[in-house]
Amino acid sequence: MTLEDLAKTALGNLGRHKVRTTLSAVGVTVGILTIVTMVSLGIGVQREVVGAFTSVGLETIEVRPVTEERAVFDQFADPKRTVIITPELAEELRARDDVVQVRPHIYLSGGGMRVYLEVAGEAVEVRAREPAWWAGVDDPFAKPPELVAGEDLASGAQGQVVVSARTLEKLGYDDFEGLIGQEVALVLVTPRSDRQEFPLRLVGVVDTHTGTNYPGAYIGAADAAALKAWWYNDPDLLAHDGYDALTVEAASLNDAAQIVALLQERGFEVESLKSALDTVNKAMTILQTMLGSIGGLALFVAAIGIANTMIMAVYERTREIGILKAVGASPGNIRLLFVAEASLIGLLGGIVGVIGGWLLGLGLNEAFLIYFDYMDIPMRGTFFFVTGWLVALALGFATVVGLLAGLYPAARAARLDPLEALRHG
């Protein structure tokens, strides 16, 4: 029996029982659709994560100080730092040939600090921060703020401030361009009503795209250190407490690995985006396996359905099998015919499942984007991504499931005695 004869005969036999064949293939379709949808979700999310990390730069290293464990009896006090990030360390790293850039960070969110932005005698309370997130380091997935007037805060800027549009709107301004270059001030107010002004020049206005859009003011690390030093009444704050974090951009991945090792030897907490990405990739691989296993359960049930269909076919076609053997068909030919029919059921179900999974992924991706827009979440991307290898793997898996499900019925058909089969029915 040639391959062409085998294919024609198998398709003809399946076509004689279209409803039963369709119902058997539906089980495979559901399983493959589930696998394609779930695994494509894992692939799409992984691509977005890798893209976000890569856009920041895998050579980026985040250095943090080491602190004592927080005391049980004093949960509100900041733990003491045992290994601090000094300005001298920052300068040492800047002087290295394998370092492209060093950005120190000072965070102003703690200690109950109250900060006001004062423009022409009018003030509004703001969240003042040194925008490490602006560079995409603290959160590589954050959408960069849209500049609506002026210019961005330059790296290493001092005496400058960029504010959110919401801040100026709170003060009653709508002509942002007219304010660029003007002198403003950040005013710190203690619980005892002590005040301290820090003059700055307004250089830009941004739309932060946040859900709450709370009034914000963004300043450089040097100005943030000055605010924090006054608030804690420690003029030598950097010498005593150091920077809150340090972002180091190495020249290459190999250089980044060497710098990480050096800083870890000195006792700092160090994390590179490359190591974080490796961890994420491992987690995504596990997630894809778990998601794919859901479809695997559906395929197991589908395999039982295919086996049942083929066993029924053996009973119904017993006399036909006897005739085939009588005219010279070998047991191997009979076995191959039934295996081919079962494999075709799996393949047909797999084709429909792949197409259905791809279409379902497209629909769910659009639904996600609509939901993100509705919730004002700044996320965009292709979260369901069907690759060529996923299509090939799904079709191959579906075919193999059908083949395995048909082995027992095929072996049973091949063992039938020709004489007994001819007397059947």
# chains A, B, ... in the order shown; residues from 1 in each chain; ligands from 1
>>> closest_atom_pairs(of="segment 14-99 of chain A", to="segment 274-296 of chain A", cutoff="8 Å", atoms="only C-alpha atoms", output="Markdown table")
| residue | atom | partner | partner_atom | distance |
| --- | --- | --- | --- | --- |
| A:Val30 | CA | A:Gly295 | CA | 7.7 |
| A:Gly31 | CA | A:Gly295 | CA | 4.5 |
| A:Ile32 | CA | A:Gly295 | CA | 6.3 |
| A:Leu33 | CA | A:Gly295 | CA | 7.6 |
| A:Thr34 | CA | A:Gly295 | CA | 4.9 |
| A:Ile35 | CA | A:Gly295 | CA | 4.7 |
| A:Val36 | CA | A:Gly292 | CA | 7.8 |
| A:Met38 | CA | A:Leu291 | CA | 5.3 |
| A:Val39 | CA | A:Gln288 | CA | 5.3 |
| A:Gly42 | CA | A:Gln288 | CA | 5.3 |
| A:Ile43 | CA | A:Gln288 | CA | 7.6 |
| A:Gln46 | CA | A:Met284 | CA | 6.5 |
| A:Val50 | CA | A:Leu277 | CA | 7.0 |
| A:Phe53 | CA | A:Leu277 | CA | 7.1 |
| A:Leu58 | CA | A:Lys274 | CA | 5.0 |
| A:Glu59 | CA | A:Lys274 | CA | 7.0 |
| A:Thr60 | CA | A:Lys274 | CA | 7.9 |
>>> write_last_selection(atoms="C-alpha atoms", output="PDB file, in the first residue's frame")
ATOM      1  CA  VAL A  30      -9.887  22.038  22.750  1.00  0.00           C
ATOM      2  CA  GLY A  31      -6.606  20.706  24.103  1.00  0.00           C
ATOM      3  CA  ILE A  32      -4.444  22.292  21.396  1.00  0.00           C
ATOM      4  CA  LEU A  33      -6.377  25.576  21.593  1.00  0.00           C
ATOM      5  CA  THR A  34      -5.722  25.674  25.325  1.00  0.00           C
ATOM      6  CA  ILE A  35      -2.031  24.877  24.890  1.00  0.00           C
ATOM      7  CA  VAL A  36      -1.528  27.454  22.126  1.00  0.00           C
ATOM      8  CA  MET A  38      -1.662  29.542  27.349  1.00  0.00           C
ATOM      9  CA  VAL A  39       1.844  29.033  25.995  1.00  0.00           C
ATOM     10  CA  GLY A  42       3.788  32.972  28.400  1.00  0.00           C
ATOM     11  CA  ILE A  43       5.856  33.666  25.270  1.00  0.00           C
ATOM     12  CA  GLN A  46       8.357  36.912  28.325  1.00  0.00           C
ATOM     13  CA  VAL A  50      12.928  40.819  27.955  1.00  0.00           C
ATOM     14  CA  PHE A  53      15.004  44.882  30.417  1.00  0.00           C
ATOM     15  CA  LEU A  58      21.429  44.542  30.652  1.00  0.00           C
ATOM     16  CA  GLU A  59      24.762  46.104  31.634  1.00  0.00           C
ATOM     17  CA  THR A  60      22.931  48.103  34.332  1.00  0.00           C
TER      18      THR A  60
END
>>> select_by_dssp(residues="segment 99-307 of chain A", states="alpha helix (DSSP H)", output="JSON, numbers by chain")
{"A": [165, 166, 167, 168, 169, 170, 221, 222, 223, 224, 225, 226, 227, 228, 229, 230, 231, 237, 238, 239, 240, 241, 253, 254, 255, 256, 257, 258, 259, 260, 261, 262, 263, 264, 265, 273, 274, 275, 276, 277, 278, 279, 280, 281, 282, 283, 284, 285, 286, 287, 288, 289, 290, 291, 292, 293, 294, 295, 296, 297, 298, 299, 300, 301, 302, 303, 304, 305, 306, 307]}
>>> residues_around(residues="Arg380 of chain A", least_positions_apart="4", cutoff="10 Å", atoms="only C-alpha atoms", output="VMD selection string")
chain A and resid 48 143 365 368 to 369 372 to 373
>>> residues_around(residues="Leu299 of chain A", least_positions_apart="5", cutoff="12 Å", atoms="only C-alpha atoms", output="MDAnalysis selection string")
chainID A and resid 24:35 292:294 304:306 346 349:350 353 394 397:402 404:405
>>> closest_atom_pairs(of="segment 29-121 of chain A", to="segment 223-236 of chain A", cutoff="10 Å", atoms="only C-alpha atoms", output="JSON lines")
{"residue": "A:His105", "atom": "CA", "partner": "A:Ala224", "partner_atom": "CA", "distance": 8.4}
{"residue": "A:Ile106", "atom": "CA", "partner": "A:Ala224", "partner_atom": "CA", "distance": 6.0}
{"residue": "A:Tyr107", "atom": "CA", "partner": "A:Ala224", "partner_atom": "CA", "distance": 7.4}
{"residue": "A:Leu108", "atom": "CA", "partner": "A:Lys228", "partner_atom": "CA", "distance": 6.9}
{"residue": "A:Gly110", "atom": "CA", "partner": "A:Lys228", "partner_atom": "CA", "distance": 9.8}
{"residue": "A:Gly111", "atom": "CA", "partner": "A:Trp231", "partner_atom": "CA", "distance": 8.7}
{"residue": "A:Gly112", "atom": "CA", "partner": "A:Trp231", "partner_atom": "CA", "distance": 9.9}
{"residue": "A:Met113", "atom": "CA", "partner": "A:Trp231", "partner_atom": "CA", "distance": 7.5}
{"residue": "A:Arg114", "atom": "CA", "partner": "A:Trp231", "partner_atom": "CA", "distance": 9.6}
{"residue": "A:Val115", "atom": "CA", "partner": "A:Leu227", "partner_atom": "CA", "distance": 9.4}
>>> write_last_selection(atoms="N, CA and C atoms", output="PDB file, in the first residue's frame")
ATOM      1  N   HIS A 105      21.344  57.936  43.870  1.00  0.00           N
ATOM      2  CA  HIS A 105      19.928  58.185  44.114  1.00  0.00           C
ATOM      3  C   HIS A 105      19.684  58.473  45.594  1.00  0.00           C
ATOM      4  N   ILE A 106      18.838  59.443  45.832  1.00  0.00           N
ATOM      5  CA  ILE A 106      18.386  59.777  47.181  1.00  0.00           C
ATOM      6  C   ILE A 106      16.863  59.718  47.183  1.00  0.00           C
ATOM      7  N   TYR A 107      16.279  58.932  48.104  1.00  0.00           N
ATOM      8  CA  TYR A 107      14.830  58.797  48.166  1.00  0.00           C
ATOM      9  C   TYR A 107      14.284  59.666  49.291  1.00  0.00           C
ATOM     10  N   LEU A 108      13.180  60.362  49.001  1.00  0.00           N
ATOM     11  CA  LEU A 108      12.617  61.323  49.962  1.00  0.00           C
ATOM     12  C   LEU A 108      11.245  60.902  50.474  1.00  0.00           C
ATOM     13  N   GLY A 110      10.426  58.761  52.940  1.00  0.00           N
ATOM     14  CA  GLY A 110      10.272  58.387  54.339  1.00  0.00           C
ATOM     15  C   GLY A 110      10.322  59.560  55.298  1.00  0.00           C
ATOM     16  N   GLY A 111      10.123  59.272  56.578  1.00  0.00           N
ATOM     17  CA  GLY A 111      10.283  60.264  57.635  1.00  0.00           C
ATOM     18  C   GLY A 111       9.157  61.273  57.743  1.00  0.00           C
ATOM     19  N   GLY A 112       8.032  61.048  57.061  1.00  0.00           N
ATOM     20  CA  GLY A 112       6.916  61.985  57.153  1.00  0.00           C
ATOM     21  C   GLY A 112       7.237  63.354  56.591  1.00  0.00           C
ATOM     22  N   MET A 113       8.135  63.438  55.647  1.00  0.00           N
ATOM     23  CA  MET A 113       8.554  64.718  55.091  1.00  0.00           C
ATOM     24  C   MET A 113       7.411  65.381  54.326  1.00  0.00           C
ATOM     25  N   ARG A 114       7.178  66.667  54.645  1.00  0.00           N
ATOM     26  CA  ARG A 114       6.156  67.443  53.943  1.00  0.00           C
ATOM     27  C   ARG A 114       6.855  68.499  53.099  1.00  0.00           C
ATOM     28  N   VAL A 115       6.568  68.456  51.792  1.00  0.00           N
ATOM     29  CA  VAL A 115       7.244  69.339  50.845  1.00  0.00           C
ATOM     30  C   VAL A 115       6.187  70.111  50.057  1.00  0.00           C
TER      31      VAL A 115
END
>>> residues_around(residues="segment 258-270 of chain A", least_positions_apart="2", cutoff="6 Å", atoms="only C-alpha atoms", output="VMD selection string")
chain A and resid 62 to 65 255 to 256
>>> write_last_selection(atoms="C-alpha atoms", output="mmCIF file, in the first residue's frame")
data_model
loop_
_atom_site.group_PDB
_atom_site.id
_atom_site.type_symbol
_atom_site.label_atom_id
_atom_site.label_comp_id
_atom_site.auth_asym_id
_atom_site.auth_seq_id
_atom_site.Cartn_x
_atom_site.Cartn_y
_atom_site.Cartn_z
ATOM 1 C CA GLU A 62 21.844 48.441 41.011
ATOM 2 C CA VAL A 63 23.862 48.880 44.220
ATOM 3 C CA ARG A 64 22.184 49.271 47.617
ATOM 4 C CA PRO A 65 23.559 49.757 51.137
ATOM 5 C CA ASP A 255 32.419 44.230 32.700
ATOM 6 C CA ALA A 256 29.116 44.226 34.582
#
>>> closest_residue(among="A:Gly363, A:Gly12, A:Gly181, A:Gly396", to="Val161 of chain A", atoms="only C-alpha atoms")
A:Gly181
>>> atom_distance(atom1="atom CA of Phe338 of chain A", atom2="atom CA of Glu420 of chain A")
19.2 Å
>>> residues_around(residues="Leu93 of chain A", least_positions_apart="3", cutoff="12 Å", atoms="only C-alpha atoms", output="list in words")
Ile61, Val63, Ile85, Thr86, Pro87, Glu88, Leu89, Ala90, Arg96, Asp97, Asp98, Val99, Val100, Gln101, Val102, Arg103, Pro104, Leu246, Thr247, Val248, Glu249, Ala250, Ala256, Ile259, Val260, Leu262 and Leu263 of chain A
>>> select_by_dssp(residues="segment 128-303 of chain A", states="strand (DSSP E)", output="PyMOL selection string")
chain A and resi 128-129+146-150+160-164+183-189+195-207+216-219+245-250+269-272
>>> closest_residue(among="A:Tyr315, A:Phe198, A:Trp389, A:Tyr214", to="Arg412 of chain A", atoms="only C-alpha atoms")
A:Tyr315
>>> residues_around(residues="Val124 of chain A", least_positions_apart="2", cutoff="12 Å", atoms="only C-alpha atoms", output="PDB file with N, CA and C atoms, in the first residue's frame")
ATOM      1  N   ARG A 114       7.178  66.667  54.645  1.00  0.00           N
ATOM      2  CA  ARG A 114       6.156  67.443  53.943  1.00  0.00           C
ATOM      3  C   ARG A 114       6.855  68.499  53.099  1.00  0.00           C
ATOM      4  N   VAL A 115       6.568  68.456  51.792  1.00  0.00           N
ATOM      5  CA  VAL A 115       7.244  69.339  50.845  1.00  0.00           C
ATOM      6  C   VAL A 115       6.187  70.111  50.057  1.00  0.00           C
ATOM      7  N   TYR A 116       6.449  71.408  49.873  1.00  0.00           N
ATOM      8  CA  TYR A 116       5.555  72.260  49.093  1.00  0.00           C
ATOM      9  C   TYR A 116       6.335  72.890  47.953  1.00  0.00           C
ATOM     10  N   LEU A 117       5.658  73.032  46.797  1.00  0.00           N
ATOM     11  CA  LEU A 117       6.231  73.785  45.690  1.00  0.00           C
ATOM     12  C   LEU A 117       5.632  75.190  45.732  1.00  0.00           C
ATOM     13  N   GLU A 118       6.495  76.181  45.779  1.00  0.00           N
ATOM     14  CA  GLU A 118       6.041  77.574  45.850  1.00  0.00           C
ATOM     15  C   GLU A 118       6.390  78.292  44.547  1.00  0.00           C
ATOM     16  N   VAL A 119       5.358  78.837  43.900  1.00  0.00           N
ATOM     17  CA  VAL A 119       5.522  79.585  42.659  1.00  0.00           C
ATOM     18  C   VAL A 119       4.837  80.940  42.820  1.00  0.00           C
ATOM     19  N   ALA A 120       5.619  82.022  42.760  1.00  0.00           N
ATOM     20  CA  ALA A 120       5.077  83.387  42.858  1.00  0.00           C
ATOM     21  C   ALA A 120       4.212  83.561  44.106  1.00  0.00           C
ATOM     22  N   GLY A 121       4.684  83.027  45.230  1.00  0.00           N
ATOM     23  CA  GLY A 121       3.978  83.212  46.491  1.00  0.00           C
ATOM     24  C   GLY A 121       2.862  82.218  46.760  1.00  0.00           C
ATOM     25  N   GLU A 122       2.482  81.392  45.780  1.00  0.00           N
ATOM     26  CA  GLU A 122       1.443  80.374  45.959  1.00  0.00           C
ATOM     27  C   GLU A 122       2.107  79.011  46.108  1.00  0.00           C
ATOM     28  N   VAL A 126       3.496  68.745  47.421  1.00  0.00           N
ATOM     29  CA  VAL A 126       3.915  67.849  46.340  1.00  0.00           C
ATOM     30  C   VAL A 126       4.672  66.659  46.908  1.00  0.00           C
ATOM     31  N   ARG A 127       4.821  65.656  46.066  1.00  0.00           N
ATOM     32  CA  ARG A 127       5.723  64.548  46.366  1.00  0.00           C
ATOM     33  C   ARG A 127       7.046  64.842  45.660  1.00  0.00           C
ATOM     34  N   ALA A 128       8.051  65.140  46.441  1.00  0.00           N
ATOM     35  CA  ALA A 128       9.368  65.439  45.873  1.00  0.00           C
ATOM     36  C   ALA A 128      10.166  64.149  45.815  1.00  0.00           C
ATOM     37  N   VAL A 163       8.361  69.566  37.137  1.00  0.00           N
ATOM     38  CA  VAL A 163       7.131  69.324  37.890  1.00  0.00           C
ATOM     39  C   VAL A 163       6.103  68.665  36.988  1.00  0.00           C
ATOM     40  N   ARG A 166      -0.050  68.340  36.723  1.00  0.00           N
ATOM     41  CA  ARG A 166      -1.064  68.410  37.789  1.00  0.00           C
ATOM     42  C   ARG A 166      -0.658  69.411  38.865  1.00  0.00           C
ATOM     43  N   THR A 167       0.631  69.513  39.141  1.00  0.00           N
ATOM     44  CA  THR A 167       1.118  70.450  40.148  1.00  0.00           C
ATOM     45  C   THR A 167       0.777  71.882  39.770  1.00  0.00           C
ATOM     46  N   LEU A 168       1.082  72.251  38.534  1.00  0.00           N
ATOM     47  CA  LEU A 168       0.816  73.625  38.091  1.00  0.00           C
ATOM     48  C   LEU A 168      -0.677  73.888  37.944  1.00  0.00           C
ATOM     49  N   GLU A 169      -1.426  72.866  37.551  1.00  0.00           N
ATOM     50  CA  GLU A 169      -2.878  73.036  37.470  1.00  0.00           C
ATOM     51  C   GLU A 169      -3.471  73.317  38.846  1.00  0.00           C
ATOM     52  N   LYS A 170      -2.921  72.661  39.871  1.00  0.00           N
ATOM     53  CA  LYS A 170      -3.376  72.919  41.239  1.00  0.00           C
ATOM     54  C   LYS A 170      -3.133  74.370  41.644  1.00  0.00           C
ATOM     55  N   LEU A 171      -2.085  74.956  41.090  1.00  0.00           N
ATOM     56  CA  LEU A 171      -1.757  76.352  41.397  1.00  0.00           C
ATOM     57  C   LEU A 171      -2.488  77.330  40.481  1.00  0.00           C
ATOM     58  N   GLY A 172      -3.282  76.795  39.550  1.00  0.00           N
ATOM     59  CA  GLY A 172      -4.074  77.651  38.686  1.00  0.00           C
ATOM     60  C   GLY A 172      -3.411  78.048  37.389  1.00  0.00           C
ATOM     61  N   VAL A 184      11.546  79.058  41.248  1.00  0.00           N
ATOM     62  CA  VAL A 184      10.528  78.534  42.164  1.00  0.00           C
ATOM     63  C   VAL A 184      11.262  78.057  43.414  1.00  0.00           C
ATOM     64  N   ALA A 185      10.533  77.453  44.325  1.00  0.00           N
ATOM     65  CA  ALA A 185      11.179  76.965  45.551  1.00  0.00           C
ATOM     66  C   ALA A 185      10.459  75.731  46.058  1.00  0.00           C
ATOM     67  N   LEU A 186      11.230  74.808  46.603  1.00  0.00           N
ATOM     68  CA  LEU A 186      10.671  73.705  47.375  1.00  0.00           C
ATOM     69  C   LEU A 186      10.793  74.084  48.838  1.00  0.00           C
ATOM     70  N   VAL A 187       9.695  73.982  49.555  1.00  0.00           N
ATOM     71  CA  VAL A 187       9.644  74.404  50.949  1.00  0.00           C
ATOM     72  C   VAL A 187       9.371  73.187  51.820  1.00  0.00           C
ATOM     73  N   LEU A 188      10.267  72.937  52.769  1.00  0.00           N
ATOM     74  CA  LEU A 188      10.069  71.866  53.739  1.00  0.00           C
ATOM     75  C   LEU A 188       9.459  72.444  54.996  1.00  0.00           C
ATOM     76  N   TYR A 214      -0.893  62.536  41.328  1.00  0.00           N
ATOM     77  CA  TYR A 214      -0.638  63.392  42.488  1.00  0.00           C
ATOM     78  C   TYR A 214       0.427  64.426  42.129  1.00  0.00           C
ATOM     79  N   PRO A 215       0.280  65.675  42.607  1.00  0.00           N
ATOM     80  CA  PRO A 215       1.281  66.710  42.297  1.00  0.00           C
ATOM     81  C   PRO A 215       2.690  66.239  42.654  1.00  0.00           C
ATOM     82  N   GLY A 216       3.598  66.377  41.698  1.00  0.00           N
ATOM     83  CA  GLY A 216       4.955  65.887  41.914  1.00  0.00           C
ATOM     84  C   GLY A 216       5.995  66.886  41.471  1.00  0.00           C
ATOM     85  N   ALA A 217       7.170  66.824  42.128  1.00  0.00           N
ATOM     86  CA  ALA A 217       8.321  67.649  41.763  1.00  0.00           C
ATOM     87  C   ALA A 217       9.536  66.732  41.728  1.00  0.00           C
TER      88      ALA A 217
END
>>> decode(residues="segment 319-339 of chain A", atoms="N, CA and C atoms", output="PDB file, in the first residue's frame")
ATOM      1  N   ARG A 319     -15.847  -7.092   9.011  1.00  0.00           N
ATOM      2  CA  ARG A 319     -15.962  -7.811   7.741  1.00  0.00           C
ATOM      3  C   ARG A 319     -15.058  -7.166   6.682  1.00  0.00           C
ATOM      4  N   GLU A 320     -14.991  -5.841   6.688  1.00  0.00           N
ATOM      5  CA  GLU A 320     -14.123  -5.131   5.738  1.00  0.00           C
ATOM      6  C   GLU A 320     -12.663  -5.503   5.957  1.00  0.00           C
ATOM      7  N   ILE A 321     -12.291  -5.628   7.213  1.00  0.00           N
ATOM      8  CA  ILE A 321     -10.914  -6.020   7.531  1.00  0.00           C
ATOM      9  C   ILE A 321     -10.632  -7.424   7.008  1.00  0.00           C
ATOM     10  N   GLY A 322     -11.632  -8.314   7.172  1.00  0.00           N
ATOM     11  CA  GLY A 322     -11.457  -9.677   6.658  1.00  0.00           C
ATOM     12  C   GLY A 322     -11.274  -9.706   5.154  1.00  0.00           C
ATOM     13  N   ILE A 323     -12.036  -8.855   4.426  1.00  0.00           N
ATOM     14  CA  ILE A 323     -11.897  -8.799   2.970  1.00  0.00           C
ATOM     15  C   ILE A 323     -10.501  -8.304   2.580  1.00  0.00           C
ATOM     16  N   LEU A 324     -10.030  -7.245   3.287  1.00  0.00           N
ATOM     17  CA  LEU A 324      -8.699  -6.713   3.002  1.00  0.00           C
ATOM     18  C   LEU A 324      -7.631  -7.784   3.194  1.00  0.00           C
ATOM     19  N   LYS A 325      -7.759  -8.566   4.260  1.00  0.00           N
ATOM     20  CA  LYS A 325      -6.773  -9.629   4.488  1.00  0.00           C
ATOM     21  C   LYS A 325      -6.882 -10.727   3.435  1.00  0.00           C
ATOM     22  N   ALA A 326      -8.116 -10.979   3.013  1.00  0.00           N
ATOM     23  CA  ALA A 326      -8.321 -12.035   2.014  1.00  0.00           C
ATOM     24  C   ALA A 326      -7.702 -11.669   0.672  1.00  0.00           C
ATOM     25  N   VAL A 327      -7.669 -10.399   0.329  1.00  0.00           N
ATOM     26  CA  VAL A 327      -7.102  -9.980  -0.954  1.00  0.00           C
ATOM     27  C   VAL A 327      -5.616  -9.672  -0.850  1.00  0.00           C
ATOM     28  N   GLY A 328      -5.009  -9.949   0.307  1.00  0.00           N
ATOM     29  CA  GLY A 328      -3.559  -9.852   0.403  1.00  0.00           C
ATOM     30  C   GLY A 328      -3.010  -8.801   1.352  1.00  0.00           C
ATOM     31  N   ALA A 329      -3.880  -8.055   2.031  1.00  0.00           N
ATOM     32  CA  ALA A 329      -3.374  -7.046   2.965  1.00  0.00           C
ATOM     33  C   ALA A 329      -2.756  -7.736   4.177  1.00  0.00           C
ATOM     34  N   SER A 330      -1.571  -7.324   4.549  1.00  0.00           N
ATOM     35  CA  SER A 330      -0.866  -7.919   5.688  1.00  0.00           C
ATOM     36  C   SER A 330      -1.357  -7.275   6.992  1.00  0.00           C
ATOM     37  N   PRO A 331      -1.109  -7.947   8.146  1.00  0.00           N
ATOM     38  CA  PRO A 331      -1.462  -7.313   9.428  1.00  0.00           C
ATOM     39  C   PRO A 331      -0.816  -5.943   9.602  1.00  0.00           C
ATOM     40  N   GLY A 332       0.402  -5.800   9.045  1.00  0.00           N
ATOM     41  CA  GLY A 332       1.070  -4.504   9.139  1.00  0.00           C
ATOM     42  C   GLY A 332       0.316  -3.424   8.384  1.00  0.00           C
ATOM     43  N   ASN A 333      -0.261  -3.798   7.200  1.00  0.00           N
ATOM     44  CA  ASN A 333      -1.037  -2.835   6.435  1.00  0.00           C
ATOM     45  C   ASN A 333      -2.291  -2.411   7.199  1.00  0.00           C
ATOM     46  N   ILE A 334      -2.950  -3.361   7.826  1.00  0.00           N
ATOM     47  CA  ILE A 334      -4.163  -3.057   8.596  1.00  0.00           C
ATOM     48  C   ILE A 334      -3.818  -2.145   9.777  1.00  0.00           C
ATOM     49  N   ARG A 335      -2.729  -2.533  10.460  1.00  0.00           N
ATOM     50  CA  ARG A 335      -2.307  -1.721  11.613  1.00  0.00           C
ATOM     51  C   ARG A 335      -1.980  -0.288  11.177  1.00  0.00           C
ATOM     52  N   LEU A 336      -1.260  -0.157  10.079  1.00  0.00           N
ATOM     53  CA  LEU A 336      -0.865   1.163   9.590  1.00  0.00           C
ATOM     54  C   LEU A 336      -2.080   1.994   9.197  1.00  0.00           C
ATOM     55  N   LEU A 337      -3.104   1.349   8.607  1.00  0.00           N
ATOM     56  CA  LEU A 337      -4.295   2.079   8.185  1.00  0.00           C
ATOM     57  C   LEU A 337      -5.020   2.692   9.379  1.00  0.00           C
ATOM     58  N   PHE A 338      -5.191   1.916  10.442  1.00  0.00           N
ATOM     59  CA  PHE A 338      -5.920   2.426  11.607  1.00  0.00           C
ATOM     60  C   PHE A 338      -5.099   3.481  12.360  1.00  0.00           C
ATOM     61  N   VAL A 339      -3.790   3.270  12.407  1.00  0.00           N
ATOM     62  CA  VAL A 339      -2.938   4.276  13.039  1.00  0.00           C
ATOM     63  C   VAL A 339      -3.005   5.588  12.252  1.00  0.00           C
TER      64      VAL A 339
END
